[in-house]
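Participant: Dropping in work.txt, which is compact mmCIF, C-alpha atoms:
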# COMPACT_ATOMS: atom_id res chain seq x y z
CA MET S 8 48.34 -18.86 -8.63
CA SER S 9 47.43 -21.61 -6.15
CA GLU S 10 45.74 -24.89 -7.10
CA VAL S 11 42.61 -23.89 -5.16
CA ALA S 12 42.32 -20.56 -6.97
CA GLU S 13 42.50 -22.27 -10.38
CA LYS S 14 39.53 -24.51 -9.65
CA ILE S 15 35.92 -23.86 -10.60
CA GLY S 16 33.79 -26.00 -8.35
CA SER S 17 35.58 -29.32 -8.18
CA VAL S 18 37.40 -29.08 -11.52
CA SER S 19 40.42 -27.17 -12.75
CA GLN S 20 40.17 -24.15 -15.04
CA SER S 21 41.35 -26.17 -18.05
CA ARG S 22 38.85 -28.98 -17.39
CA TYR S 23 36.07 -26.40 -16.96
CA GLU S 24 36.89 -24.94 -20.38
CA GLN S 25 36.70 -28.44 -21.90
CA ILE S 26 33.30 -28.97 -20.34
CA VAL S 27 32.05 -25.61 -21.67
CA ALA S 28 33.22 -26.43 -25.19
CA GLU S 29 31.57 -29.87 -25.02
CA LEU S 30 28.27 -28.51 -23.71
CA ARG S 31 28.17 -25.71 -26.26
CA GLU S 32 28.12 -28.41 -28.93
CA VAL S 33 25.30 -30.15 -27.05
CA VAL S 34 23.33 -26.89 -26.77
CA GLU S 35 23.89 -26.24 -30.48
CA GLN S 36 22.54 -29.72 -31.26
CA GLN S 37 19.55 -29.13 -29.00
CA SER S 38 18.88 -25.80 -30.72
CA ARG S 39 19.00 -27.46 -34.13
CA GLY S 40 16.60 -30.09 -32.80
CA SER S 41 14.19 -27.48 -31.44
CA PHE S 42 14.24 -25.57 -34.73
CA THR S 43 13.65 -28.83 -36.61
CA ILE S 44 10.59 -29.53 -34.44
CA GLY S 45 9.40 -25.99 -35.10
CA ASP S 46 9.98 -26.28 -38.85
CA ARG S 47 7.98 -29.51 -39.06
CA ALA S 48 5.19 -28.08 -36.90
CA LEU S 49 5.07 -25.07 -39.22
CA GLU S 50 4.93 -27.40 -42.20
CA ILE S 51 1.91 -29.12 -40.68
CA GLU S 52 0.28 -25.92 -39.46
CA PRO S 53 1.69 -22.72 -41.02
CA VAL S 54 1.26 -19.51 -39.05
CA ARG S 55 -1.80 -17.79 -40.46
CA PRO S 56 -2.37 -14.03 -40.42
CA ARG S 57 -4.75 -12.72 -37.80
CA GLY S 58 -8.37 -12.71 -38.86
CA GLY S 59 -7.78 -15.67 -41.20
CA ILE S 60 -9.69 -18.92 -41.52
CA PRO S 61 -12.47 -19.38 -38.93
CA ASP S 62 -11.87 -22.11 -36.33
CA ALA S 63 -8.19 -22.21 -37.39
CA GLU S 64 -7.06 -22.03 -33.78
CA TRP S 65 -8.97 -25.17 -32.91
CA SER S 66 -7.55 -26.94 -35.97
CA VAL S 67 -3.99 -25.89 -35.08
CA ARG S 68 -4.36 -27.18 -31.54
CA GLU S 69 -5.65 -30.53 -32.68
CA SER S 70 -2.82 -30.99 -35.19
CA LEU S 71 -0.06 -29.90 -32.79
CA LEU S 72 -1.49 -31.99 -29.95
CA ARG S 73 -1.42 -35.08 -32.15
CA LEU S 74 2.15 -34.31 -33.26
CA ALA S 75 3.28 -33.82 -29.67
CA GLU S 76 1.77 -37.13 -28.58
CA ASP S 77 3.32 -38.98 -31.52
CA ILE S 78 6.86 -37.74 -30.77
CA GLY S 79 6.58 -37.91 -26.97
CA LEU S 80 6.66 -34.16 -26.17
CA THR S 81 4.16 -31.86 -24.49
CA PHE S 82 1.77 -29.78 -26.52
CA ASN S 83 3.28 -26.54 -25.12
CA THR S 84 6.80 -27.61 -26.16
CA VAL S 85 5.70 -28.18 -29.75
CA LYS S 86 3.56 -25.04 -29.80
CA GLN S 87 6.43 -22.89 -28.50
CA ALA S 88 8.95 -24.38 -30.95
CA ARG S 89 6.57 -23.61 -33.83
CA TRP S 90 6.09 -19.98 -32.72
CA VAL S 91 9.81 -19.31 -32.10
CA THR S 92 10.74 -20.88 -35.44
CA SER S 93 8.21 -18.64 -37.19
CA ARG S 94 10.10 -15.61 -35.83
CA TRP S 95 13.49 -16.81 -37.05
CA PRO S 96 13.81 -17.69 -40.75
CA LYS S 97 16.72 -20.09 -41.39
CA GLU S 98 19.03 -17.38 -42.69
CA HIS S 99 18.70 -15.41 -39.44
CA ARG S 100 19.25 -18.27 -36.96
CA GLN S 101 22.59 -18.24 -35.18
CA PRO S 102 24.07 -21.71 -34.56
CA ALA S 103 26.29 -20.47 -31.72
CA VAL S 104 23.30 -18.95 -29.90
CA SER S 105 21.02 -21.22 -27.87
CA PHE S 106 17.40 -21.82 -28.70
CA THR S 107 16.57 -20.23 -25.31
CA ILE S 108 18.10 -16.92 -26.42
CA HIS S 109 16.26 -17.16 -29.75
CA ARG S 110 13.02 -17.77 -27.82
CA ILE S 111 13.48 -14.71 -25.57
CA LEU S 112 14.58 -12.33 -28.32
CA ALA S 113 11.67 -13.56 -30.45
CA ARG S 114 9.57 -11.16 -28.34
CA ILE S 115 11.06 -8.22 -30.22
CA GLU S 116 8.22 -7.27 -32.56
CA ASP S 117 10.11 -5.61 -35.40
CA ASP S 118 11.74 -8.21 -37.68
CA THR S 119 14.76 -6.10 -38.66
CA GLU S 120 15.40 -5.06 -35.06
CA ARG S 121 15.09 -8.64 -33.86
CA TRP S 122 17.48 -10.06 -36.44
CA ALA S 123 20.03 -7.32 -35.72
CA ALA S 124 19.74 -7.75 -31.95
CA ILE S 125 20.85 -11.39 -31.93
CA LEU S 126 24.06 -10.38 -33.71
CA THR S 127 24.81 -7.66 -31.14
CA PRO S 128 25.34 -8.87 -27.55
CA PRO S 129 25.30 -6.20 -24.83
CA GLU S 130 28.36 -3.99 -24.49
CA GLY S 131 31.20 -5.81 -22.80
CA ARG S 132 29.80 -9.25 -23.66
CA THR S 133 30.98 -11.66 -26.33
CA ARG S 134 27.85 -13.83 -26.07
CA TRP S 135 24.24 -13.39 -25.11
CA THR S 136 23.19 -14.67 -21.66
CA ALA S 137 19.59 -15.51 -20.77
CA ASP S 138 19.42 -12.59 -18.32
CA ASP S 139 20.85 -10.18 -20.90
CA ALA S 140 18.19 -11.29 -23.38
CA LYS S 141 15.48 -10.85 -20.74
CA ARG S 142 16.73 -7.34 -20.03
CA ARG S 143 16.54 -6.60 -23.77
CA VAL S 144 12.83 -7.49 -23.92
CA GLY S 145 11.92 -6.15 -20.47
CA TRP S 146 11.43 -9.44 -18.62
CA THR S 147 12.27 -10.14 -14.98
CA VAL S 148 15.79 -11.55 -14.79
CA ASP S 149 16.84 -14.62 -12.79
CA SER S 150 19.86 -12.91 -11.22
CA PRO S 151 18.97 -9.23 -10.65
CA GLU S 152 21.91 -6.83 -10.48
CA THR S 153 20.61 -3.26 -10.41
CA PRO S 154 18.42 -1.94 -7.53
CA GLN S 155 15.45 -1.64 -9.91
CA GLU S 156 15.88 -5.26 -11.08
CA LYS S 157 15.96 -6.40 -7.46
CA ILE S 158 12.81 -4.40 -6.70
CA THR S 159 11.06 -5.89 -9.73
CA ALA S 160 12.11 -9.39 -8.67
CA ILE S 161 10.68 -8.83 -5.18
CA HIS S 162 7.37 -7.60 -6.62
CA HIS S 163 7.25 -10.55 -9.01
CA ARG S 164 7.91 -13.11 -6.30
CA ALA S 165 5.58 -11.48 -3.79
CA GLN S 166 2.44 -11.50 -5.94
CA ASP S 167 0.87 -13.99 -3.53
CA GLU S 168 -0.74 -11.96 -0.73
CA GLU S 169 0.56 -14.19 2.07
CA VAL S 170 4.09 -14.01 0.70
CA ALA S 171 3.83 -10.23 0.31
CA ALA S 172 2.57 -9.85 3.89
CA THR S 173 5.40 -11.95 5.28
CA VAL S 174 8.04 -10.11 3.26
CA THR S 175 6.67 -6.72 4.30
CA THR S 176 6.64 -7.74 7.97
CA ASP S 177 10.22 -8.98 7.78
CA PHE S 178 11.40 -5.81 6.05
CA LEU S 179 9.73 -3.50 8.57
CA LYS S 180 11.47 -5.36 11.40
CA ARG S 181 14.79 -4.07 10.07
CA PRO S 182 15.40 -0.59 11.59
CA GLN S 183 17.78 0.41 8.80
CA VAL S 184 15.06 -0.32 6.24
CA ALA S 185 12.31 1.49 8.13
CA ALA S 186 14.61 4.50 8.57
CA LYS S 187 14.86 4.94 4.79
CA VAL S 188 11.09 5.05 4.27
CA SER S 189 9.81 8.61 3.76
CA THR S 190 7.47 10.16 6.32
CA ASP S 191 4.59 10.27 3.83
CA ASN S 192 5.00 6.58 2.99
CA LYS S 193 5.22 5.68 6.67
CA VAL S 194 1.92 7.48 7.25
CA ARG S 195 0.38 5.60 4.31
CA VAL S 196 1.59 2.29 5.72
CA VAL S 197 0.16 3.06 9.17
CA GLU S 198 -3.17 4.12 7.65
CA GLU S 199 -3.31 0.96 5.55
CA PHE S 200 -2.48 -1.32 8.47
CA THR S 201 -5.05 0.36 10.73
CA ARG S 202 -8.10 0.04 8.51
CA ASP S 203 -9.34 -2.59 10.95
CA GLU S 204 -11.01 -0.71 13.83
CA ALA S 205 -9.60 -2.99 16.52
CA VAL S 206 -6.07 -2.52 15.20
CA ALA S 207 -6.59 1.24 14.85
CA ALA S 208 -7.90 1.54 18.42
CA THR S 209 -4.96 -0.43 19.84
CA ALA S 210 -2.43 1.59 17.83
CA ALA S 211 -4.00 4.93 18.75
CA THR S 212 -4.09 3.98 22.44
CA SER S 213 -0.43 2.99 22.40
CA LEU S 214 0.61 6.16 20.58
CA LEU S 215 -1.36 8.50 22.83
CA ARG S 216 0.47 7.06 25.82
CA ARG S 217 3.54 8.85 24.51
CA PRO S 218 3.37 12.43 25.88
CA ASP S 219 5.11 13.98 22.88
CA VAL S 220 2.73 12.28 20.46
CA ALA S 221 -0.35 13.17 22.52
CA PHE S 222 0.75 16.82 22.71
CA LYS S 223 1.22 17.08 18.93
CA ALA S 224 -2.03 15.24 18.23
CA MET S 225 -3.99 17.61 20.46
CA SER S 226 -2.63 20.58 18.50
CA ASP S 227 -4.84 19.45 15.62
CA ASP S 228 -8.32 20.96 16.02
CA THR S 229 -10.11 18.05 14.37
CA ALA S 230 -8.27 15.45 16.45
CA ARG S 231 -8.97 17.37 19.64
CA PHE S 232 -12.66 17.74 18.77
CA GLN S 233 -12.98 14.04 17.94
CA LEU S 234 -11.32 13.04 21.20
CA ASN S 235 -13.52 15.34 23.28
CA HIS S 236 -16.58 14.13 21.42
CA ALA S 237 -15.56 10.52 22.02
CA GLN S 238 -15.09 11.19 25.74
CA THR S 239 -18.52 12.82 25.98
CA GLU S 240 -20.17 10.03 24.01
CA ARG S 241 -18.45 7.36 26.07
CA GLY S 242 -19.66 9.03 29.26
CA ARG S 243 -23.22 9.26 27.90
CA GLN S 244 -23.24 5.59 26.90
CA ALA S 245 -21.85 4.53 30.28
CA ARG S 246 -24.49 6.58 32.08
CA GLU S 247 -27.29 5.13 29.94
CA HIS S 248 -26.03 1.61 30.58
CA PHE S 249 -25.87 2.28 34.33
CA GLU S 250 -29.38 3.76 34.41
CA ASP S 251 -30.77 0.84 32.40
CA THR S 252 -29.10 -1.98 34.33
CA SER S 253 -28.17 -0.88 37.85
CA PRO S 254 -30.67 -1.45 40.71
CA ILE S 255 -29.34 1.64 42.53
CA ALA S 256 -29.91 3.96 39.55
CA PRO S 257 -33.07 5.64 41.04
CA THR S 258 -31.17 6.53 44.23
CA VAL S 259 -28.25 7.91 42.24
CA ARG S 260 -30.60 9.99 40.10
CA HIS S 261 -31.97 11.56 43.29
CA ILE S 262 -28.45 12.31 44.48
CA ASP S 263 -27.61 13.76 41.04
CA ARG S 264 -30.51 16.16 41.37
CA SER S 265 -29.28 17.18 44.81
CA VAL S 266 -25.79 17.69 43.44
CA GLU S 267 -27.15 19.83 40.59
CA PHE S 268 -29.02 21.93 43.15
CA LEU S 269 -25.84 22.37 45.20
CA ASP S 270 -23.82 23.22 42.09
CA LEU S 271 -26.37 25.86 41.08
CA VAL S 272 -26.43 27.45 44.54
CA THR S 273 -22.62 27.38 44.66
CA ALA S 274 -22.38 29.07 41.27
CA CYS S 275 -24.73 31.87 42.36
CA HIS S 276 -22.88 32.27 45.63
CA SER S 277 -19.54 32.42 43.82
CA PHE S 278 -20.88 35.11 41.52
CA VAL S 279 -22.20 37.22 44.37
CA ALA S 280 -19.03 36.77 46.40
CA ALA S 281 -16.82 37.68 43.45
CA ALA S 282 -18.90 40.77 42.74
CA GLY S 283 -18.76 41.74 46.45
CA ARG S 284 -14.97 41.64 46.33
CA THR S 285 -14.56 43.36 42.99
CA VAL S 286 -17.15 46.15 42.86
CA PRO S 287 -15.81 48.11 45.90
CA GLY S 288 -12.52 48.36 44.07
CA LEU S 289 -14.16 50.66 41.54
CA ARG S 290 -14.61 53.48 44.13
CA ASP S 291 -13.33 56.81 42.82
CA ARG S 292 -12.31 55.19 39.56
CA THR S 293 -13.73 56.25 36.22
CA LEU S 294 -13.73 53.57 33.55
CA SER S 295 -12.95 54.42 29.96
CA GLU S 296 -15.60 54.17 27.32
CA ASP S 297 -14.19 50.88 26.00
CA GLU S 298 -14.00 49.44 29.52
CA ARG S 299 -17.60 50.49 30.26
CA THR S 300 -18.75 48.87 27.02
CA ILE S 301 -17.08 45.57 27.92
CA VAL S 302 -18.52 45.58 31.45
CA GLN S 303 -22.02 46.43 30.15
CA GLN S 304 -21.83 43.55 27.66
CA ASN S 305 -20.93 41.12 30.43
CA ILE S 306 -23.68 42.53 32.68
CA ALA S 307 -26.13 41.81 29.86
CA LYS S 308 -24.84 38.23 29.69
CA CYS S 309 -25.21 37.88 33.45
CA ARG S 310 -28.81 39.17 33.33
CA ALA S 311 -29.63 36.77 30.49
CA THR S 312 -28.05 33.89 32.40
CA LEU S 313 -30.00 34.76 35.54
CA ASP S 314 -33.25 34.86 33.53
CA TRP S 315 -32.37 31.46 32.10
CA ILE S 316 -31.69 30.05 35.58
CA GLU S 317 -34.95 31.45 36.90
CA GLN S 318 -36.86 29.89 34.00
CA ALA S 319 -35.25 26.50 34.65
CA VAL S 320 -36.03 26.66 38.40
CA GLU S 321 -39.64 27.73 37.86
CA THR S 322 -40.56 25.47 34.93
CA GLY S 323 -37.92 22.75 34.70
CA LYS S 324 -37.24 23.75 31.09
CA VAL S 325 -33.56 24.31 30.37
CA ASP S 326 -33.85 25.26 26.69
CA MET S 327 -32.78 28.83 25.97
CA ASP S 328 -34.35 31.00 23.31
CA ASP S 329 -32.34 32.18 20.31
CA ALA S 330 -31.80 35.68 21.68
CA ILE S 331 -30.24 34.43 24.91
CA ALA S 332 -28.14 31.88 23.01
CA ARG S 333 -26.75 34.56 20.69
CA LEU S 334 -26.09 36.90 23.59
CA LEU S 335 -24.16 34.27 25.54
CA LYS S 336 -22.13 33.46 22.44
CA GLY S 337 -21.23 37.13 22.15
CA GLU S 338 -23.06 37.62 18.87
Translate the structure of the given file into structure tokens.

Facilitator:
Amino acid sequence: MSEVAEKIGSVSQSRYEQIVAELREVVEQQSRGSFTIGDRALEIEPVRPRGGIPDAEWSVRESLLRLAEDIGLTFNTVKQARWVTSRWPKEHRQPAVSFTIHRILARIEDDTERWAAILTPPEGRTRWTADDAKRRVGWTVDSPETPQEKITAIHHRAQDEEVAATVTTDFLKRPQVAAKVSTDNKVRVVEEFTRDEAVAATAATSLLRRPDVAFKAMSDDTARFQLNHAQTERGRQAREHFEDTSPIAPTVRHIDRSVEFLDLVTACHSFVAAAGRTVPGLRDRTLSEDERTIVQQNIAKCRATLDWIEQAVETGKVDMDDAIARLLKGE
């Protein structure tokens, strides 16, 4: 094996092993020190059962705060050492296991389970690591390995809304990531991102410029109705704005009335012309009963429409009564 391959960082394999052995002794000393701090804190303020002496929490804080100040540590360091020590009686502490591992595994509620766990590293391991201990108690690990651990780590680190927004934006820029998102989730993302009306309008406009999207959207009855309604409403608002603000609006209204007159005359003329072309074709032809029924129904509609037109011309009222409305609807 080459010299480079034997190195770990800047030291050889043998030197690395010496450093590990040396530091394990240091960690063991630190663990003994932390347990000693915890033991003395417990001596000063024993852990009381829940629902014990009133105001005990205040008393404990005062005592531990004074102890921390007198030995030059933070209150939280002393408080944590006291709690961890309370979870590990002397006979169950493991000298070869760091205080950090004791602290993490202290979260196991059941005493027997906790004391057995520290003696049983994960399968394939000879010693506990901090991440292994965190996995045992369900904490987020520092170096995630499985996909679920990586997902959990991302969620944990993206709790801040600005961070989450940036991460999401970056992810969605990666085509291979977006391709793996299910259709339902893509729809949910689009709906969430388009809650703002301005964003929704811009997105909808861009999408409807794609013929295939517009075709599929118009196959939905509700979408088609909403679009038609929006077009009608937009036209009405534009007309109202024009009539309210334009100085030429009175002239245009006069022209509109002339156009309506021409449209009405054209419609009547078209009807008469169409009938003049069609009716002669019925000579020597006998319609079936069903055909006669259909023609008679349409004749009735034509008569009702003509009555409606006559009423509008004579009185200026364009409302139709319920009978005519039902007839024209085919009811």

Participant: Which value, in Å to one decimal, gives the distance between CA of Ser213 in chain S and CA of His248 in chain S?

Facilitator: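 If I compute the distance from CA of Ser213 in chain S to CA of His248 in chain S, I get 26.9 Å.
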
Participant: In Å, how far is it from CA of Asp291 in chain S to CA of His276 in chain S?

Facilitator: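 It comes out at 26.5 Å.
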
Participant: Suppose you want the space between CA of Glu32 in chain S and CA of Thr133 in chain S; what is it in Å?

Facilitator: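 The value is 17.2 Å.
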
Participant: Using only C-alpha atoms for the distances, tell me which of S:Asn305, S:Ala124, S:Ile44, S:Arg114 is nearest to Lys86 in chain S.

Facilitator: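 Comparing S:Asn305, S:Ala124, S:Ile44, S:Arg114 against Lys86 in chain S, the winner is S:Ile44.
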
Participant: Where does range 108-160 of chain S meet range 88-103 of chain S within 7 Å, residue by residue, with the nearest atom pair and distance in Å to one decimal for each, counting all atoms listed in the file, listed by chain and rising number, as a Markdown table?

Facilitator:
| residue | atom | partner | partner_atom | distance |
| --- | --- | --- | --- | --- |
| S:Arg110 | CA | S:Val91 | CA | 5.6 |
| S:Ala113 | CA | S:Arg94 | CA | 6.0 |
| S:Trp122 | CA | S:His99 | CA | 6.3 |

Participant: Work out where the centre of an axis-aligned box around every listed atom of range 137-144 of chain S lies and how long its edges are once 3 Å is added on each side; give both in Å to one decimal as lines of an AutoDock Vina configuration file.

Facilitator:
center_x = 16.8
center_y = -11.1
center_z = -21.1
size_x = 14.0
size_y = 14.9
size_z = 11.6

Participant: Determine, counting all atoms listed in the file, which protein, DNA and RNA residues have an atom within 10 Å of an atom of Gly40 in chain S; residues of the same chain fewer than 5 positions away are not included. Present the result as a PyMOL selection string.

Facilitator: chain S and resi 34-35+45-46+88+106

Participant: Closest to Ile316 in chain S among S:Arg22, S:Ala28, S:Asn192, S:Ala274, using only C-alpha atoms?

Facilitator: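 Looking at the shortest contact to Ile316 in chain S, the residue is S:Ala274.
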
Participant: Which polymer residues have any atom within 12 Å of an atom of range 135-141 of chain S, counting all atoms listed in the file, with same-chain residues fewer than 4 positions away left out, as number ranges by chain?

Facilitator: S: 101, 103-115, 121, 124-131, 145-152, 156
